[in-house]
$ cat model08.pdb   # PDB, C-alpha atoms and all ligand atoms
ATOM      1  CA  MET A   1     114.001 -74.930  46.617  1.00  0.00           C
ATOM      2  CA  SER A   2     116.628 -76.159  44.210  1.00  0.00           C
ATOM      3  CA  VAL A   3     114.104 -75.799  41.412  1.00  0.00           C
ATOM      4  CA  ASP A   4     113.519 -72.169  42.371  1.00  0.00           C
ATOM      5  CA  GLN A   5     117.256 -71.533  42.481  1.00  0.00           C
ATOM      6  CA  GLY A   6     117.542 -73.043  39.017  1.00  0.00           C
ATOM      7  CA  LYS A   7     114.828 -70.737  37.755  1.00  0.00           C
ATOM      8  CA  GLY A   8     116.470 -67.789  39.417  1.00  0.00           C
ATOM      9  CA  GLU A   9     119.781 -68.605  37.759  1.00  0.00           C
ATOM     10  CA  ARG A  10     118.136 -69.002  34.372  1.00  0.00           C
ATOM     11  CA  SER A  11     116.258 -65.744  34.564  1.00  0.00           C
ATOM     12  CA  ARG A  12     119.412 -63.977  35.742  1.00  0.00           C
ATOM     13  CA  ARG A  13     121.177 -65.296  32.633  1.00  0.00           C
ATOM     14  CA  GLU A  14     118.272 -64.130  30.494  1.00  0.00           C
ATOM     15  CA  VAL A  15     118.505 -60.690  32.017  1.00  0.00           C
ATOM     16  CA  LEU A  16     122.252 -60.599  31.385  1.00  0.00           C
ATOM     17  CA  ALA A  17     121.741 -61.752  27.797  1.00  0.00           C
ATOM     18  CA  SER A  18     119.075 -59.097  27.250  1.00  0.00           C
ATOM     19  CA  ALA A  19     121.365 -56.477  28.744  1.00  0.00           C
ATOM     20  CA  ALA A  20     124.172 -57.578  26.416  1.00  0.00           C
ATOM     21  CA  ILE A  21     121.886 -57.309  23.389  1.00  0.00           C
ATOM     22  CA  LEU A  22     120.670 -53.904  24.541  1.00  0.00           C
ATOM     23  CA  THR A  23     124.274 -52.712  25.024  1.00  0.00           C
ATOM     24  CA  LEU A  24     125.129 -53.915  21.525  1.00  0.00           C
ATOM     25  CA  ALA A  25     122.148 -52.106  20.056  1.00  0.00           C
ATOM     26  CA  VAL A  26     123.059 -48.881  21.853  1.00  0.00           C
ATOM     27  CA  ALA A  27     126.776 -49.180  21.044  1.00  0.00           C
ATOM     28  CA  TRP A  28     126.094 -49.893  17.375  1.00  0.00           C
ATOM     29  CA  PRO A  29     127.100 -46.851  15.325  1.00  0.00           C
ATOM     30  CA  ALA A  30     124.166 -44.520  14.839  1.00  0.00           C
ATOM     31  CA  ARG A  31     125.261 -44.088  11.233  1.00  0.00           C
ATOM     32  CA  ALA A  32     124.396 -47.739  10.499  1.00  0.00           C
ATOM     33  CA  ALA A  33     120.725 -47.034  11.137  1.00  0.00           C
ATOM     34  CA  GLY A  34     120.752 -43.457   9.898  1.00  0.00           C
ATOM     35  CA  ARG A  35     118.645 -40.615  11.163  1.00  0.00           C
ATOM     36  CA  ARG A  36     115.191 -39.703   9.981  1.00  0.00           C
ATOM     37  CA  HIS A  37     114.147 -36.318   8.633  1.00  0.00           C
ATOM     38  CA  VAL A  38     110.736 -35.074   7.588  1.00  0.00           C
ATOM     39  CA  VAL A  39     109.749 -32.700   4.811  1.00  0.00           C
ATOM     40  CA  VAL A  40     106.137 -31.565   5.042  1.00  0.00           C
ATOM     41  CA  ILE A  41     104.332 -30.636   1.848  1.00  0.00           C
ATOM     42  CA  ASP A  42     101.774 -27.943   2.533  1.00  0.00           C
ATOM     43  CA  LYS A  43      99.962 -25.367   0.345  1.00  0.00           C
ATOM     44  CA  MET A  44     101.639 -26.590  -2.849  1.00  0.00           C
ATOM     45  CA  ALA A  45     105.173 -26.252  -1.521  1.00  0.00           C
ATOM     46  CA  PHE A  46     107.868 -28.503  -0.107  1.00  0.00           C
ATOM     47  CA  GLY A  47     108.863 -27.607   3.436  1.00  0.00           C
ATOM     48  CA  ALA A  48     112.324 -26.335   4.326  1.00  0.00           C
ATOM     49  CA  PRO A  49     115.100 -28.778   3.543  1.00  0.00           C
ATOM     50  CA  PRO A  50     116.302 -30.668   6.624  1.00  0.00           C
ATOM     51  CA  SER A  51     119.799 -29.786   7.780  1.00  0.00           C
ATOM     52  CA  GLY A  52     122.536 -32.204   8.746  1.00  0.00           C
ATOM     53  CA  VAL A  53     121.419 -34.980   6.396  1.00  0.00           C
ATOM     54  CA  LYS A  54     124.070 -37.680   5.976  1.00  0.00           C
ATOM     55  CA  VAL A  55     124.472 -40.690   3.718  1.00  0.00           C
ATOM     56  CA  GLY A  56     122.256 -43.462   5.091  1.00  0.00           C
ATOM     57  CA  ASP A  57     119.659 -41.073   6.513  1.00  0.00           C
ATOM     58  CA  THR A  58     116.007 -41.417   5.599  1.00  0.00           C
ATOM     59  CA  ILE A  59     113.871 -38.539   4.380  1.00  0.00           C
ATOM     60  CA  THR A  60     110.123 -38.863   4.766  1.00  0.00           C
ATOM     61  CA  TRP A  61     107.822 -36.592   2.796  1.00  0.00           C
ATOM     62  CA  THR A  62     104.359 -36.049   4.217  1.00  0.00           C
ATOM     63  CA  ASN A  63     101.664 -34.589   1.987  1.00  0.00           C
ATOM     64  CA  ARG A  64      99.242 -32.378   3.918  1.00  0.00           C
ATOM     65  CA  ASP A  65      97.593 -31.046   0.777  1.00  0.00           C
ATOM     66  CA  ILE A  66      94.334 -32.318  -0.694  1.00  0.00           C
ATOM     67  CA  VAL A  67      95.983 -32.901  -4.080  1.00  0.00           C
ATOM     68  CA  ARG A  68      98.426 -35.575  -5.152  1.00  0.00           C
ATOM     69  CA  HIS A  69     102.143 -34.748  -5.334  1.00  0.00           C
ATOM     70  CA  THR A  70     105.401 -36.549  -5.983  1.00  0.00           C
ATOM     71  CA  ALA A  71     108.906 -36.078  -4.666  1.00  0.00           C
ATOM     72  CA  THR A  72     110.973 -36.850  -7.746  1.00  0.00           C
ATOM     73  CA  ALA A  73     114.759 -36.555  -7.719  1.00  0.00           C
ATOM     74  CA  ARG A  74     116.252 -35.094 -10.881  1.00  0.00           C
ATOM     75  CA  ASN A  75     119.072 -37.651 -10.672  1.00  0.00           C
ATOM     76  CA  GLY A  76     116.634 -40.573 -10.376  1.00  0.00           C
ATOM     77  CA  ALA A  77     117.583 -41.322  -6.757  1.00  0.00           C
ATOM     78  CA  PHE A  78     113.918 -41.409  -5.712  1.00  0.00           C
ATOM     79  CA  ASN A  79     110.472 -40.964  -7.198  1.00  0.00           C
ATOM     80  CA  LEU A  80     107.809 -41.021  -4.519  1.00  0.00           C
ATOM     81  CA  ASP A  81     104.089 -40.942  -5.138  1.00  0.00           C
ATOM     82  CA  LEU A  82     102.288 -38.913  -2.491  1.00  0.00           C
ATOM     83  CA  PRO A  83      98.493 -39.045  -2.567  1.00  0.00           C
ATOM     84  CA  PRO A  84      96.703 -36.591  -0.244  1.00  0.00           C
ATOM     85  CA  GLY A  85      97.589 -37.337   3.364  1.00  0.00           C
ATOM     86  CA  ALA A  86     100.236 -39.896   2.466  1.00  0.00           C
ATOM     87  CA  SER A  87     103.852 -40.210   3.531  1.00  0.00           C
ATOM     88  CA  ALA A  88     106.694 -41.905   1.692  1.00  0.00           C
ATOM     89  CA  SER A  89     110.382 -42.268   2.426  1.00  0.00           C
ATOM     90  CA  ALA A  90     113.700 -42.587   0.653  1.00  0.00           C
ATOM     91  CA  VAL A  91     117.163 -43.385   2.002  1.00  0.00           C
ATOM     92  CA  MET A  92     119.886 -40.975   0.895  1.00  0.00           C
ATOM     93  CA  SER A  93     122.548 -43.308  -0.445  1.00  0.00           C
ATOM     94  CA  ARG A  94     124.993 -40.790  -1.955  1.00  0.00           C
ATOM     95  CA  ALA A  95     126.548 -37.539  -0.851  1.00  0.00           C
ATOM     96  CA  GLY A  96     125.808 -34.345  -2.715  1.00  0.00           C
ATOM     97  CA  ALA A  97     122.951 -32.049  -3.548  1.00  0.00           C
ATOM     98  CA  VAL A  98     119.787 -33.768  -4.737  1.00  0.00           C
ATOM     99  CA  PRO A  99     117.386 -31.365  -6.437  1.00  0.00           C
ATOM    100  CA  TYR A 100     113.861 -32.710  -6.687  1.00  0.00           C
ATOM    101  CA  TYR A 101     110.455 -31.566  -7.870  1.00  0.00           C
ATOM    102  CA  CYS A 102     106.815 -32.602  -8.153  1.00  0.00           C
ATOM    103  CA  ARG A 103     105.908 -34.236 -11.467  1.00  0.00           C
ATOM    104  CA  TYR A 104     102.367 -32.809 -11.318  1.00  0.00           C
ATOM    105  CA  HIS A 105     103.446 -29.313 -10.341  1.00  0.00           C
ATOM    106  CA  PRO A 106     106.952 -28.711 -11.744  1.00  0.00           C
ATOM    107  CA  ALA A 107     107.073 -25.301 -10.075  1.00  0.00           C
ATOM    108  CA  MET A 108     107.248 -27.180  -6.758  1.00  0.00           C
ATOM    109  CA  ARG A 109     110.940 -27.698  -6.145  1.00  0.00           C
ATOM    110  CA  GLY A 110     113.224 -28.653  -3.329  1.00  0.00           C
ATOM    111  CA  GLU A 111     116.717 -29.816  -2.678  1.00  0.00           C
ATOM    112  CA  ILE A 112     118.234 -32.217  -0.175  1.00  0.00           C
ATOM    113  CA  SER A 113     121.862 -31.624   0.688  1.00  0.00           C
ATOM    114  CA  VAL A 114     123.479 -34.925   1.712  1.00  0.00           C
ATOM    115  CA  GLY A 115     126.767 -34.843   3.586  1.00  0.00           C
ATOM    116  CA  VAL A 116     129.215 -37.698   4.074  1.00  0.00           C
TER
HETATM  117 CU    CU A 201     102.599 -31.470  -6.692  1.00  0.00          CU
END
$ encode --input "model08.pdb" --output "structure tokens"
Amino acid sequence: MSVDQGKGERSRREVLASAAILTLAVAWPARAAGRRHVVVIDKMAFGAPPSGVKVGDTITWTNRDIVRHTATARNGAFNLDLPPGASASAVMSRAGAVPYYCRYHPAMRGEISVGV
């Protein structure tokens, strides 16, 4: 009986500890983790730029074409290789407009607007 009580007490503590960790994770500022945005590449064009992008957010490009593309920032912030069907991501670390293009098809252009 006393053994069971001991177990019960321990598991109750574990539950409380888990709850505390969960609360911390939820309370942690969302900005620390950043949000995720997706830009789909389809028919030789970058999809519409995501809105509301902030510093620390992650942009993921997904290539739905059957040819290879890149997402290459003109300011050198990112240079992602995107074989057919692939996805690749970059974290936006600075505020401002980031024009980018595809190295294989320079007519393919896009721009990510990063807010503070
Ligand atoms: Cu391309």
$ residues_near_ligand --input "model08.pdb" --ligand "ligand CU 201 (chain A)" --cutoff "6 Å" --atoms "only C-alpha atoms and all ligand atoms" --output "PyMOL selection string"
chain A and resi 69-70+102+104-105
$ closest_residue --input "model08.pdb" --among "A:Gly76, A:Gly56, A:Pro99, A:Gly110" --to "A:Ile41" --atoms "only C-alpha atoms"
A:Gly110
$ closest_residue --input "model08.pdb" --among "A:Val53, A:Ala86, A:Ala73, A:Ala95" --to "A:Val40" --atoms "all atoms listed in the file"
A:Ala86
$ resolve_selection --input "model08.pdb" --expression "the PyMOL selection byres (((chain A and resi 75) around 12) and not hetatm)" --output "list in words"
Ala71, Thr72, Ala73, Arg74, Gly76, Ala77, Phe78, Asn79, Arg94, Gly96, Ala97, Val98, Pro99, Tyr100, Tyr101, Glu111 and Ile112 of chain A
$ atom_distance --input "model08.pdb" --atom1 "atom CA of A:Lys54" --atom2 "atom CA of A:Gly85"
26.6 Å
$ build_atoms --input "model08.pdb" --residues "stretch 53-84 of chain A" --atoms "N, CA and C atoms" --output "short mmCIF file (atom, residue, chain, number, x, y, z; two decimals), in the coordinates of the input"
data_model
loop_
_atom_site.label_atom_id
_atom_site.label_comp_id
_atom_site.auth_asym_id
_atom_site.auth_seq_id
_atom_site.Cartn_x
_atom_site.Cartn_y
_atom_site.Cartn_z
N VAL A 53 121.71 -33.66 6.99
CA VAL A 53 121.42 -34.98 6.40
C VAL A 53 122.73 -35.65 5.98
N LYS A 54 122.87 -36.93 6.33
CA LYS A 54 124.07 -37.68 5.98
C LYS A 54 123.69 -38.91 5.17
N VAL A 55 124.69 -39.46 4.47
CA VAL A 55 124.47 -40.69 3.72
C VAL A 55 123.93 -41.75 4.67
N GLY A 56 122.88 -42.43 4.25
CA GLY A 56 122.26 -43.46 5.09
C GLY A 56 121.03 -42.96 5.84
N ASP A 57 120.84 -41.63 5.85
CA ASP A 57 119.66 -41.07 6.51
C ASP A 57 118.42 -41.28 5.64
N THR A 58 117.28 -41.25 6.29
CA THR A 58 116.01 -41.42 5.60
C THR A 58 115.24 -40.10 5.61
N ILE A 59 114.74 -39.71 4.45
CA ILE A 59 113.87 -38.54 4.38
C ILE A 59 112.45 -39.05 4.16
N THR A 60 111.54 -38.53 4.95
CA THR A 60 110.12 -38.86 4.77
C THR A 60 109.38 -37.60 4.35
N TRP A 61 108.68 -37.70 3.24
CA TRP A 61 107.82 -36.59 2.80
C TRP A 61 106.40 -36.90 3.24
N THR A 62 105.75 -35.90 3.79
CA THR A 62 104.36 -36.05 4.22
C THR A 62 103.52 -35.01 3.48
N ASN A 63 102.51 -35.49 2.78
CA ASN A 63 101.66 -34.59 1.99
C ASN A 63 100.44 -34.16 2.78
N ARG A 64 100.39 -32.90 3.16
CA ARG A 64 99.24 -32.38 3.92
C ARG A 64 98.22 -31.72 3.01
N ASP A 65 98.53 -31.66 1.71
CA ASP A 65 97.59 -31.05 0.78
C ASP A 65 96.47 -32.02 0.41
N ILE A 66 95.45 -31.47 -0.27
CA ILE A 66 94.33 -32.32 -0.69
C ILE A 66 94.51 -32.74 -2.15
N VAL A 67 95.66 -32.44 -2.73
CA VAL A 67 95.98 -32.90 -4.08
C VAL A 67 97.21 -33.82 -4.03
N ARG A 68 97.32 -34.63 -5.07
CA ARG A 68 98.43 -35.58 -5.15
C ARG A 68 99.72 -34.87 -5.56
N HIS A 69 100.83 -35.27 -4.96
CA HIS A 69 102.14 -34.75 -5.33
C HIS A 69 103.10 -35.92 -5.54
N THR A 70 104.31 -35.59 -6.01
CA THR A 70 105.40 -36.55 -5.98
C THR A 70 106.63 -35.83 -5.43
N ALA A 71 107.56 -36.59 -4.96
CA ALA A 71 108.91 -36.08 -4.67
C ALA A 71 109.81 -36.86 -5.60
N THR A 72 110.24 -36.18 -6.67
CA THR A 72 110.97 -36.85 -7.75
C THR A 72 112.36 -36.24 -7.90
N ALA A 73 113.38 -37.05 -7.62
CA ALA A 73 114.76 -36.56 -7.72
C ALA A 73 115.15 -36.41 -9.18
N ARG A 74 115.82 -35.31 -9.49
CA ARG A 74 116.25 -35.09 -10.88
C ARG A 74 117.31 -36.12 -11.30
N ASN A 75 118.05 -36.66 -10.33
CA ASN A 75 119.07 -37.65 -10.67
C ASN A 75 118.54 -39.09 -10.59
N GLY A 76 117.23 -39.24 -10.40
CA GLY A 76 116.63 -40.57 -10.38
C GLY A 76 116.79 -41.32 -9.05
N ALA A 77 117.34 -40.65 -8.04
CA ALA A 77 117.58 -41.32 -6.76
C ALA A 77 116.28 -41.77 -6.08
N PHE A 78 115.22 -41.01 -6.28
CA PHE A 78 113.92 -41.41 -5.71
C PHE A 78 112.80 -40.80 -6.53
N ASN A 79 111.66 -41.44 -6.48
CA ASN A 79 110.47 -40.96 -7.20
C ASN A 79 109.27 -41.45 -6.40
N LEU A 80 108.82 -40.60 -5.48
CA LEU A 80 107.81 -41.02 -4.52
C LEU A 80 106.45 -40.47 -4.88
N ASP A 81 105.47 -41.34 -4.89
CA ASP A 81 104.09 -40.94 -5.14
C ASP A 81 103.46 -40.57 -3.81
N LEU A 82 102.83 -39.40 -3.76
CA LEU A 82 102.29 -38.91 -2.49
C LEU A 82 100.83 -38.47 -2.65
N PRO A 83 99.91 -39.41 -2.57
CA PRO A 83 98.49 -39.04 -2.57
C PRO A 83 98.19 -38.15 -1.36
N PRO A 84 97.04 -37.45 -1.38
CA PRO A 84 96.70 -36.59 -0.24
C PRO A 84 96.80 -37.35 1.09
#
